[in-house]
Amino acid sequence: MYIPTTDWLGMCDIFPAWAFVLLIRVMGSQGLEFGISKCSACAFFMNLSGNKDLLDRRLVAFFASRNSPPEALALSEQWAHEIAQTDKVVISGFHSPIERAVLDILLADGCSVVVALGRSLYRKIPAHLQAAYYENRLLFVSFRNYPRHSYSNSQLRNWLTADLADEVVFAPFDDVSQLSTLYFSISNGENTHVVLIKK
């Protein structure tokens, strides 16, 4: 089935994805804010498909690295069961193995989710997401209109996902994880509640 899309903000020609990533690498969260300030609204291309009202509820971003200590999976699964008992909406790329495991729990427990993509919207809804999509418990957000994931697009997706959220939750990660820059940058900010899941 083809997924209808909504072009919510429009393309920013001043700051393409690589420019946002460069600003983030050099300036951290200040670089992201500077890039956003140079374009209208959130200053980037964003397509939506699904229940757009989910963006009006309290959003909790979840990030889990591919480079995670052994205890990260169990802690993340416990967190997923707990957050699913609230009325909060979890937003994530759901791309790493732990993020995908958390997504399965959230969907099974009836939680609403926003799936942030580092590529264009799917032309067909993945089978495991169809039920939540048609129950209005799911929204797809695409930050870039490219057919495939890339490193720069995934970095842009992560930073903008965190920027959309009211709270940001990280599973434990190793020092070499690419999430460390995101974690330490937004932890120093004043507007977002940041949590690192611990035992």
# chains A, B, ... in the order shown; residues from 1 in each chain; ligands from 1
$ residues_around --residues "range 127-139 of chain A" --least-positions-apart "4" --cutoff "6 Å" --atoms "only C-alpha atoms" --output "short mmCIF file (atom, residue, chain, number, x, y, z; two decimals) with N, CA and C atoms, in the first residue's frame"
data_model
loop_
_atom_site.label_atom_id
_atom_site.label_comp_id
_atom_site.auth_asym_id
_atom_site.auth_seq_id
_atom_site.Cartn_x
_atom_site.Cartn_y
_atom_site.Cartn_z
N SER A 49 3.69 11.07 7.94
CA SER A 49 2.66 10.12 7.52
C SER A 49 2.20 9.36 8.76
N GLY A 50 0.90 9.44 9.02
CA GLY A 50 0.36 8.79 10.20
C GLY A 50 -0.40 9.78 11.06
N ASN A 51 -0.46 9.51 12.34
CA ASN A 51 -1.22 10.35 13.27
C ASN A 51 -0.38 11.56 13.69
N SER A 112 2.12 4.61 21.95
CA SER A 112 2.20 5.33 20.67
C SER A 112 3.65 5.73 20.41
N VAL A 113 4.04 5.70 19.14
CA VAL A 113 5.43 5.98 18.79
C VAL A 113 5.51 6.88 17.57
N VAL A 114 6.63 7.61 17.51
CA VAL A 114 6.99 8.37 16.32
C VAL A 114 8.29 7.77 15.80
#
$ closest_residue --among "A:Ile83, A:Ala101, A:Ala61, A:Ala116" --to "Leu48 in chain A" --atoms "only C-alpha atoms"
A:Ala116
$ atom_distance --atom1 "CA of Val90 in chain A" --atom2 "CA of Leu106 in chain A"
8.4 Å
$ atom_distance --atom1 "CA of Ser76 in chain A" --atom2 "CA of Leu59 in chain A"
17.1 Å
$ residues_around --residues "Ser142 in chain A" --least-positions-apart "6" --cutoff "9 Å" --atoms "only C-alpha atoms" --output "list of chain:residue names"
A:Phe45, A:Met46, A:Asn47, A:Leu48, A:Ser49, A:Val115, A:Ala116, A:Leu117, A:Gly118, A:Arg119, A:Ser120, A:Leu121, A:Arg157
$ write_last_selection --atoms "N, CA, C and O atoms" --output "mmCIF file, in the first residue's frame"
data_model
loop_
_atom_site.group_PDB
_atom_site.id
_atom_site.type_symbol
_atom_site.label_atom_id
_atom_site.label_comp_id
_atom_site.auth_asym_id
_atom_site.auth_seq_id
_atom_site.Cartn_x
_atom_site.Cartn_y
_atom_site.Cartn_z
ATOM 1 N N PHE A 45 13.569 19.960 5.819
ATOM 2 C CA PHE A 45 12.539 19.214 5.111
ATOM 3 C C PHE A 45 11.976 18.151 6.061
ATOM 4 O O PHE A 45 12.710 17.360 6.611
ATOM 5 N N MET A 46 10.665 18.145 6.288
ATOM 6 C CA MET A 46 10.079 17.141 7.159
ATOM 7 C C MET A 46 8.762 16.676 6.598
ATOM 8 O O MET A 46 7.824 17.462 6.474
ATOM 9 N N ASN A 47 8.686 15.419 6.238
ATOM 10 C CA ASN A 47 7.455 14.807 5.764
ATOM 11 C C ASN A 47 6.851 13.957 6.866
ATOM 12 O O ASN A 47 7.578 13.308 7.631
ATOM 13 N N LEU A 48 5.527 13.956 6.932
ATOM 14 C CA LEU A 48 4.823 13.202 7.958
ATOM 15 C C LEU A 48 3.839 12.238 7.316
ATOM 16 O O LEU A 48 3.210 12.555 6.317
ATOM 17 N N SER A 49 3.689 11.072 7.945
ATOM 18 C CA SER A 49 2.664 10.121 7.523
ATOM 19 C C SER A 49 2.196 9.358 8.757
ATOM 20 O O SER A 49 2.994 8.742 9.456
ATOM 21 N N VAL A 115 8.256 7.297 14.566
ATOM 22 C CA VAL A 115 9.429 6.688 13.948
ATOM 23 C C VAL A 115 10.125 7.746 13.105
ATOM 24 O O VAL A 115 9.596 8.198 12.082
ATOM 25 N N ALA A 116 11.298 8.174 13.555
ATOM 26 C CA ALA A 116 12.066 9.203 12.851
ATOM 27 C C ALA A 116 13.017 8.536 11.872
ATOM 28 O O ALA A 116 13.850 7.707 12.258
ATOM 29 N N LEU A 117 12.902 8.918 10.624
ATOM 30 C CA LEU A 117 13.684 8.272 9.562
ATOM 31 C C LEU A 117 14.816 9.168 9.092
ATOM 32 O O LEU A 117 14.642 10.377 8.950
ATOM 33 N N GLY A 118 15.957 8.558 8.816
ATOM 34 C CA GLY A 118 17.082 9.271 8.200
ATOM 35 C C GLY A 118 17.067 9.104 6.698
ATOM 36 O O GLY A 118 18.108 9.134 6.058
ATOM 37 N N ARG A 119 15.916 8.955 6.126
ATOM 38 C CA ARG A 119 15.699 8.739 4.695
ATOM 39 C C ARG A 119 14.284 9.198 4.375
ATOM 40 O O ARG A 119 13.576 9.712 5.239
ATOM 41 N N SER A 120 13.871 9.020 3.137
ATOM 42 C CA SER A 120 12.514 9.388 2.757
ATOM 43 C C SER A 120 11.512 8.405 3.369
ATOM 44 O O SER A 120 11.878 7.322 3.835
ATOM 45 N N LEU A 121 10.250 8.805 3.371
ATOM 46 C CA LEU A 121 9.207 7.947 3.905
ATOM 47 C C LEU A 121 9.118 6.634 3.131
ATOM 48 O O LEU A 121 9.397 6.583 1.931
ATOM 49 N N ARG A 157 19.174 13.129 11.776
ATOM 50 C CA ARG A 157 17.957 12.565 12.368
ATOM 51 C C ARG A 157 18.045 12.551 13.888
ATOM 52 O O ARG A 157 17.101 12.940 14.580
#
$ closest_atom_pairs --of "range 85-108 of chain A" --to "range 161-168 of chain A" --cutoff "12 Å" --atoms "only C-alpha atoms" --output "Markdown table"
| residue | atom | partner | partner_atom | distance |
| --- | --- | --- | --- | --- |
| A:Lys88 | CA | A:Asp166 | CA | 10.0 |
| A:Val89 | CA | A:Ala165 | CA | 9.4 |
| A:Val90 | CA | A:Ala165 | CA | 8.8 |
| A:Ile91 | CA | A:Thr161 | CA | 7.0 |
| A:Ser92 | CA | A:Thr161 | CA | 6.9 |
| A:Gly93 | CA | A:Thr161 | CA | 8.2 |
| A:Phe94 | CA | A:Thr161 | CA | 11.4 |
$ write_last_selection --atoms "C-alpha atoms" --output "CSV table (one decimal), in the first residue's frame"
chain,number,residue,atom,x,y,z
A,88,LYS,CA,3.9,9.7,26.7
A,89,VAL,CA,4.9,9.1,23.1
A,90,VAL,CA,8.3,7.7,22.3
A,91,ILE,CA,10.2,9.1,19.3
A,92,SER,CA,13.3,7.3,17.9
A,93,GLY,CA,14.9,6.1,14.8
A,94,PHE,CA,14.4,2.6,16.1
$ closest_residue --among "A:Tyr122, A:Leu107, A:Ser65, A:Val194" --to "Gln85 in chain A" --atoms "only C-alpha atoms"
A:Leu107
$ select_by_dssp --residues "range 101-178 of chain A" --states "helix (DSSP H, G or I)" --output "compact mmCIF listing (two decimals) with all heavy atoms, in the first residue's frame"
# COMPACT_ATOMS: atom_id res chain seq x y z
N ALA A 101 14.36 -3.60 19.61
CA ALA A 101 13.77 -4.42 20.68
C ALA A 101 12.81 -3.59 21.52
O ALA A 101 11.73 -4.06 21.91
CB ALA A 101 14.88 -5.00 21.56
N VAL A 102 13.18 -2.34 21.79
CA VAL A 102 12.31 -1.43 22.53
C VAL A 102 11.03 -1.15 21.73
O VAL A 102 9.93 -1.13 22.29
CB VAL A 102 13.05 -0.12 22.85
CG1 VAL A 102 12.09 0.99 23.25
CG2 VAL A 102 14.05 -0.36 23.97
N LEU A 103 11.16 -0.95 20.44
CA LEU A 103 9.98 -0.71 19.60
C LEU A 103 9.00 -1.88 19.69
O LEU A 103 7.79 -1.67 19.81
CB LEU A 103 10.41 -0.49 18.15
CG LEU A 103 9.28 -0.36 17.12
CD1 LEU A 103 8.40 0.83 17.44
CD2 LEU A 103 9.85 -0.25 15.71
N ASP A 104 9.50 -3.10 19.64
CA ASP A 104 8.62 -4.27 19.72
C ASP A 104 7.83 -4.26 21.02
O ASP A 104 6.63 -4.57 21.03
CB ASP A 104 9.45 -5.56 19.62
CG ASP A 104 10.03 -5.77 18.22
OD1 ASP A 104 9.50 -5.16 17.27
OD2 ASP A 104 10.99 -6.54 18.10
N ILE A 105 8.49 -3.91 22.12
CA ILE A 105 7.81 -3.87 23.42
C ILE A 105 6.76 -2.76 23.45
O ILE A 105 5.63 -2.95 23.91
CB ILE A 105 8.83 -3.68 24.55
CG1 ILE A 105 9.70 -4.92 24.68
CG2 ILE A 105 8.13 -3.36 25.87
CD1 ILE A 105 10.87 -4.77 25.63
N LEU A 106 7.14 -1.58 22.95
CA LEU A 106 6.22 -0.45 22.96
C LEU A 106 4.96 -0.76 22.16
O LEU A 106 3.84 -0.47 22.60
CB LEU A 106 6.91 0.79 22.40
CG LEU A 106 8.10 1.35 23.19
CD1 LEU A 106 8.75 2.49 22.44
CD2 LEU A 106 7.67 1.79 24.58
N LEU A 107 5.13 -1.35 21.00
CA LEU A 107 3.98 -1.67 20.17
C LEU A 107 3.12 -2.74 20.82
O LEU A 107 1.88 -2.66 20.81
CB LEU A 107 4.45 -2.13 18.79
CG LEU A 107 5.15 -1.08 17.93
CD1 LEU A 107 5.60 -1.68 16.60
CD2 LEU A 107 4.25 0.12 17.68
N ALA A 108 3.76 -3.75 21.41
CA ALA A 108 3.01 -4.83 22.06
C ALA A 108 2.25 -4.33 23.27
O ALA A 108 1.15 -4.83 23.58
CB ALA A 108 3.97 -5.96 22.45
N ALA A 127 5.51 -4.43 7.53
CA ALA A 127 4.45 -5.30 8.05
C ALA A 127 4.30 -5.20 9.56
O ALA A 127 3.17 -5.17 10.08
CB ALA A 127 4.72 -6.75 7.63
N HIS A 128 5.42 -5.12 10.28
CA HIS A 128 5.33 -5.12 11.74
C HIS A 128 4.83 -3.79 12.31
O HIS A 128 4.56 -3.70 13.50
CB HIS A 128 6.70 -5.46 12.35
CG HIS A 128 7.76 -4.43 12.13
ND1 HIS A 128 8.28 -4.17 10.88
CD2 HIS A 128 8.39 -3.59 12.99
CE1 HIS A 128 9.20 -3.22 10.98
NE2 HIS A 128 9.27 -2.84 12.24
N LEU A 129 4.68 -2.78 11.45
CA LEU A 129 4.19 -1.48 11.90
C LEU A 129 2.76 -1.18 11.43
O LEU A 129 2.19 -0.16 11.82
CB LEU A 129 5.12 -0.37 11.41
CG LEU A 129 6.58 -0.45 11.89
CD1 LEU A 129 7.40 0.66 11.25
CD2 LEU A 129 6.65 -0.36 13.41
N GLN A 130 2.21 -2.04 10.62
CA GLN A 130 0.90 -1.75 10.02
C GLN A 130 -0.21 -1.63 11.05
O GLN A 130 -1.04 -0.72 10.97
CB GLN A 130 0.57 -2.83 8.99
CG GLN A 130 1.42 -2.74 7.73
CD GLN A 130 1.06 -3.81 6.71
OE1 GLN A 130 0.13 -4.58 6.91
NE2 GLN A 130 1.81 -3.86 5.62
N ALA A 131 -0.25 -2.53 12.01
CA ALA A 131 -1.34 -2.51 12.99
C ALA A 131 -1.36 -1.19 13.76
O ALA A 131 -2.41 -0.54 13.90
CB ALA A 131 -1.22 -3.69 13.96
N ALA A 132 -0.20 -0.77 14.27
CA ALA A 132 -0.11 0.49 15.02
C ALA A 132 -0.45 1.68 14.13
O ALA A 132 -1.09 2.64 14.57
CB ALA A 132 1.28 0.65 15.63
N TYR A 133 -0.03 1.63 12.87
CA TYR A 133 -0.29 2.72 11.93
C TYR A 133 -1.80 2.91 11.75
O TYR A 133 -2.32 4.03 11.83
CB TYR A 133 0.39 2.42 10.60
CG TYR A 133 0.26 3.52 9.57
CD1 TYR A 133 1.18 4.57 9.53
CD2 TYR A 133 -0.76 3.50 8.63
CE1 TYR A 133 1.07 5.57 8.58
CE2 TYR A 133 -0.88 4.50 7.68
CZ TYR A 133 0.04 5.54 7.66
OH TYR A 133 -0.08 6.53 6.72
N TYR A 134 -2.51 1.82 11.52
CA TYR A 134 -3.95 1.92 11.26
C TYR A 134 -4.75 2.13 12.54
O TYR A 134 -5.94 2.52 12.47
CB TYR A 134 -4.43 0.67 10.52
CG TYR A 134 -3.88 0.61 9.11
CD1 TYR A 134 -3.07 -0.44 8.71
CD2 TYR A 134 -4.15 1.63 8.20
CE1 TYR A 134 -2.54 -0.49 7.43
CE2 TYR A 134 -3.63 1.58 6.91
CZ TYR A 134 -2.82 0.53 6.53
OH TYR A 134 -2.30 0.50 5.27
N TYR A 151 25.36 8.09 6.88
CA TYR A 151 25.88 8.53 8.17
C TYR A 151 25.42 9.95 8.50
O TYR A 151 24.94 10.21 9.61
CB TYR A 151 27.40 8.48 8.17
CG TYR A 151 28.02 9.08 9.41
CD1 TYR A 151 28.05 8.38 10.61
CD2 TYR A 151 28.56 10.37 9.38
CE1 TYR A 151 28.59 8.94 11.75
CE2 TYR A 151 29.10 10.94 10.53
CZ TYR A 151 29.12 10.21 11.70
OH TYR A 151 29.66 10.79 12.83
N SER A 152 25.55 10.85 7.54
CA SER A 152 25.18 12.24 7.80
C SER A 152 23.69 12.38 8.08
O SER A 152 23.26 13.13 8.96
CB SER A 152 25.59 13.15 6.64
OG SER A 152 24.91 12.80 5.46
N ASN A 153 22.87 11.63 7.34
CA ASN A 153 21.43 11.69 7.56
C ASN A 153 21.04 11.12 8.92
O ASN A 153 20.12 11.62 9.57
CB ASN A 153 20.69 10.95 6.45
CG ASN A 153 20.68 11.72 5.16
OD1 ASN A 153 20.95 12.92 5.13
ND2 ASN A 153 20.37 11.04 4.07
N SER A 154 21.74 10.06 9.35
CA SER A 154 21.42 9.49 10.65
C SER A 154 21.80 10.44 11.77
O SER A 154 21.10 10.55 12.79
CB SER A 154 22.13 8.14 10.84
OG SER A 154 23.54 8.31 10.89
N GLN A 155 22.92 11.16 11.60
CA GLN A 155 23.31 12.15 12.61
C GLN A 155 22.30 13.29 12.66
O GLN A 155 21.90 13.74 13.74
CB GLN A 155 24.71 12.70 12.28
CG GLN A 155 25.82 11.68 12.42
CD GLN A 155 25.96 11.17 13.83
OE1 GLN A 155 26.24 11.92 14.75
NE2 GLN A 155 25.74 9.88 14.02
N LEU A 156 21.89 13.77 11.51
CA LEU A 156 20.88 14.83 11.45
C LEU A 156 19.58 14.36 12.09
O LEU A 156 18.97 15.08 12.89
CB LEU A 156 20.64 15.24 10.00
CG LEU A 156 19.58 16.31 9.78
CD1 LEU A 156 20.02 17.64 10.36
CD2 LEU A 156 19.27 16.46 8.29
N ARG A 157 19.17 13.13 11.78
CA ARG A 157 17.96 12.56 12.37
C ARG A 157 18.04 12.55 13.89
O ARG A 157 17.10 12.94 14.58
CB ARG A 157 17.75 11.15 11.85
CG ARG A 157 16.57 10.41 12.47
CD ARG A 157 16.73 8.91 12.34
NE ARG A 157 17.90 8.44 13.07
CZ ARG A 157 18.57 7.33 12.78
NH1 ARG A 157 18.19 6.58 11.75
NH2 ARG A 157 19.62 6.97 13.50
N ASN A 158 19.17 12.10 14.43
CA ASN A 158 19.30 12.01 15.89
C ASN A 158 19.21 13.37 16.56
O ASN A 158 18.52 13.54 17.57
CB ASN A 158 20.62 11.34 16.25
CG ASN A 158 20.62 9.85 15.97
OD1 ASN A 158 19.57 9.26 15.70
ND2 ASN A 158 21.77 9.23 16.02
N TRP A 159 19.90 14.37 16.00
CA TRP A 159 19.90 15.70 16.61
C TRP A 159 18.52 16.34 16.54
O TRP A 159 18.06 16.96 17.50
CB TRP A 159 20.95 16.58 15.96
CG TRP A 159 22.33 16.28 16.44
CD1 TRP A 159 23.21 15.36 15.93
CD2 TRP A 159 23.02 16.88 17.56
NE1 TRP A 159 24.38 15.36 16.64
CE2 TRP A 159 24.29 16.28 17.64
CE3 TRP A 159 22.67 17.86 18.48
CZ2 TRP A 159 25.22 16.63 18.62
CZ3 TRP A 159 23.60 18.22 19.45
CH2 TRP A 159 24.85 17.61 19.52
N LEU A 160 17.86 16.19 15.40
CA LEU A 160 16.54 16.81 15.26
C LEU A 160 15.48 16.06 16.05
O LEU A 160 14.51 16.65 16.53
CB LEU A 160 16.17 16.91 13.78
CG LEU A 160 17.07 17.85 12.97
CD1 LEU A 160 16.69 17.83 11.50
CD2 LEU A 160 17.01 19.27 13.52
N THR A 161 15.65 14.75 16.19
CA THR A 161 14.75 13.97 17.05
C THR A 161 14.86 14.46 18.49
O THR A 161 13.84 14.68 19.17
CB THR A 161 15.10 12.47 16.98
OG1 THR A 161 14.85 11.99 15.66
CG2 THR A 161 14.28 11.67 17.97
N ALA A 162 16.08 14.65 18.96
CA ALA A 162 16.28 15.17 20.32
C ALA A 162 15.70 16.56 20.46
O ALA A 162 15.14 16.91 21.51
CB ALA A 162 17.78 15.18 20.65
N ASP A 163 15.80 17.36 19.40
CA ASP A 163 15.29 18.73 19.46
C ASP A 163 13.77 18.76 19.55
O ASP A 163 13.20 19.66 20.17
CB ASP A 163 15.76 19.50 18.22
CG ASP A 163 15.49 20.98 18.33
OD1 ASP A 163 16.05 21.62 19.23
OD2 ASP A 163 14.69 21.50 17.53
N LEU A 164 13.10 17.78 18.95
CA LEU A 164 11.64 17.73 18.99
C LEU A 164 11.11 17.27 20.35
O LEU A 164 9.97 17.57 20.71
CB LEU A 164 11.11 16.77 17.92
CG LEU A 164 11.12 17.26 16.47
CD1 LEU A 164 10.73 16.12 15.54
CD2 LEU A 164 10.17 18.44 16.29
$ residues_around --residues "Ile98 in chain A" --least-positions-apart "2" --cutoff "12 Å" --atoms "only C-alpha atoms" --output "PyMOL selection string"
chain A and resi 62-80+92-96+100-105+170-173
$ closest_residue --among "A:Gly110, A:Leu179, A:Ser187, A:Ile197" --to "Ala84 in chain A" --atoms "only C-alpha atoms"
A:Gly110
$ atom_distance --atom1 "CA of Ser185 in chain A" --atom2 "CA of Arg57 in chain A"
24.5 Å
$ select_by_dssp --residues "range 106-151 of chain A" --states "strand (DSSP E or B)" --output "VMD selection string"
chain A and resid 113 to 117 124 138 to 142
$ write_last_selection --atoms "C-alpha atoms" --output "mmCIF file, in the first residue's frame"
data_model
loop_
_atom_site.group_PDB
_atom_site.id
_atom_site.type_symbol
_atom_site.label_atom_id
_atom_site.label_comp_id
_atom_site.auth_asym_id
_atom_site.auth_seq_id
_atom_site.Cartn_x
_atom_site.Cartn_y
_atom_site.Cartn_z
ATOM 1 C CA VAL A 113 5.428 5.980 18.792
ATOM 2 C CA VAL A 114 6.987 8.367 16.318
ATOM 3 C CA VAL A 115 9.429 6.688 13.948
ATOM 4 C CA ALA A 116 12.066 9.203 12.851
ATOM 5 C CA LEU A 117 13.684 8.272 9.562
ATOM 6 C CA LYS A 124 4.945 0.686 1.829
ATOM 7 C CA LEU A 138 2.169 5.651 14.926
ATOM 8 C CA LEU A 139 3.641 8.556 12.982
ATOM 9 C CA PHE A 140 6.487 8.437 10.479
ATOM 10 C CA VAL A 141 8.713 11.523 10.346
ATOM 11 C CA SER A 142 11.207 11.912 7.521
#
$ decode --residues "range 118-171 of chain A" --atoms "C-alpha atoms" --output "PDB file, in the first residue's frame"
ATOM      1  CA  GLY A 118      17.082   9.271   8.200  1.00  0.00           C
ATOM      2  CA  ARG A 119      15.699   8.739   4.695  1.00  0.00           C
ATOM      3  CA  SER A 120      12.514   9.388   2.757  1.00  0.00           C
ATOM      4  CA  LEU A 121       9.207   7.947   3.905  1.00  0.00           C
ATOM      5  CA  TYR A 122       8.508   4.301   3.161  1.00  0.00           C
ATOM      6  CA  ARG A 123       6.382   3.758   0.097  1.00  0.00           C
ATOM      7  CA  LYS A 124       4.945   0.686   1.829  1.00  0.00           C
ATOM      8  CA  ILE A 125       4.322   0.386   5.534  1.00  0.00           C
ATOM      9  CA  PRO A 126       6.562  -2.328   7.027  1.00  0.00           C
ATOM     10  CA  ALA A 127       4.452  -5.298   8.045  1.00  0.00           C
ATOM     11  CA  HIS A 128       5.332  -5.121  11.737  1.00  0.00           C
ATOM     12  CA  LEU A 129       4.190  -1.482  11.904  1.00  0.00           C
ATOM     13  CA  GLN A 130       0.903  -1.751  10.016  1.00  0.00           C
ATOM     14  CA  ALA A 131      -1.345  -2.506  12.987  1.00  0.00           C
ATOM     15  CA  ALA A 132      -0.114   0.491  15.024  1.00  0.00           C
ATOM     16  CA  TYR A 133      -0.291   2.723  11.933  1.00  0.00           C
ATOM     17  CA  TYR A 134      -3.955   1.917  11.259  1.00  0.00           C
ATOM     18  CA  GLU A 135      -4.776   2.216  14.973  1.00  0.00           C
ATOM     19  CA  ASN A 136      -3.460   5.807  14.878  1.00  0.00           C
ATOM     20  CA  ARG A 137      -0.675   4.947  17.317  1.00  0.00           C
ATOM     21  CA  LEU A 138       2.169   5.651  14.926  1.00  0.00           C
ATOM     22  CA  LEU A 139       3.641   8.556  12.982  1.00  0.00           C
ATOM     23  CA  PHE A 140       6.487   8.437  10.479  1.00  0.00           C
ATOM     24  CA  VAL A 141       8.713  11.523  10.346  1.00  0.00           C
ATOM     25  CA  SER A 142      11.207  11.912   7.521  1.00  0.00           C
ATOM     26  CA  PHE A 143      13.840  14.616   7.844  1.00  0.00           C
ATOM     27  CA  ARG A 144      15.491  14.117   4.455  1.00  0.00           C
ATOM     28  CA  ASN A 145      14.017  13.073   1.125  1.00  0.00           C
ATOM     29  CA  TYR A 146      16.757  10.577   0.259  1.00  0.00           C
ATOM     30  CA  PRO A 147      16.025   6.929  -0.624  1.00  0.00           C
ATOM     31  CA  ARG A 148      18.651   5.424   1.692  1.00  0.00           C
ATOM     32  CA  HIS A 149      20.149   5.956   5.111  1.00  0.00           C
ATOM     33  CA  SER A 150      23.584   7.544   5.323  1.00  0.00           C
ATOM     34  CA  TYR A 151      25.880   8.529   8.172  1.00  0.00           C
ATOM     35  CA  SER A 152      25.179  12.245   7.804  1.00  0.00           C
ATOM     36  CA  ASN A 153      21.433  11.692   7.562  1.00  0.00           C
ATOM     37  CA  SER A 154      21.419   9.487  10.652  1.00  0.00           C
ATOM     38  CA  GLN A 155      23.310  12.152  12.606  1.00  0.00           C
ATOM     39  CA  LEU A 156      20.881  14.827  11.452  1.00  0.00           C
ATOM     40  CA  ARG A 157      17.957  12.565  12.368  1.00  0.00           C
ATOM     41  CA  ASN A 158      19.302  12.009  15.887  1.00  0.00           C
ATOM     42  CA  TRP A 159      19.896  15.697  16.612  1.00  0.00           C
ATOM     43  CA  LEU A 160      16.542  16.813  15.259  1.00  0.00           C
ATOM     44  CA  THR A 161      14.753  13.968  17.048  1.00  0.00           C
ATOM     45  CA  ALA A 162      16.285  15.166  20.315  1.00  0.00           C
ATOM     46  CA  ASP A 163      15.290  18.730  19.458  1.00  0.00           C
ATOM     47  CA  LEU A 164      11.638  17.729  18.994  1.00  0.00           C
ATOM     48  CA  ALA A 165      11.469  15.863  22.312  1.00  0.00           C
ATOM     49  CA  ASP A 166      10.519  17.094  25.770  1.00  0.00           C
ATOM     50  CA  GLU A 167      12.680  14.408  27.365  1.00  0.00           C
ATOM     51  CA  VAL A 168      15.655  12.463  25.996  1.00  0.00           C
ATOM     52  CA  VAL A 169      16.548   9.009  27.285  1.00  0.00           C
ATOM     53  CA  PHE A 170      19.782   7.156  26.505  1.00  0.00           C
ATOM     54  CA  ALA A 171      20.516   3.496  27.022  1.00  0.00           C
TER      55      ALA A 171
END
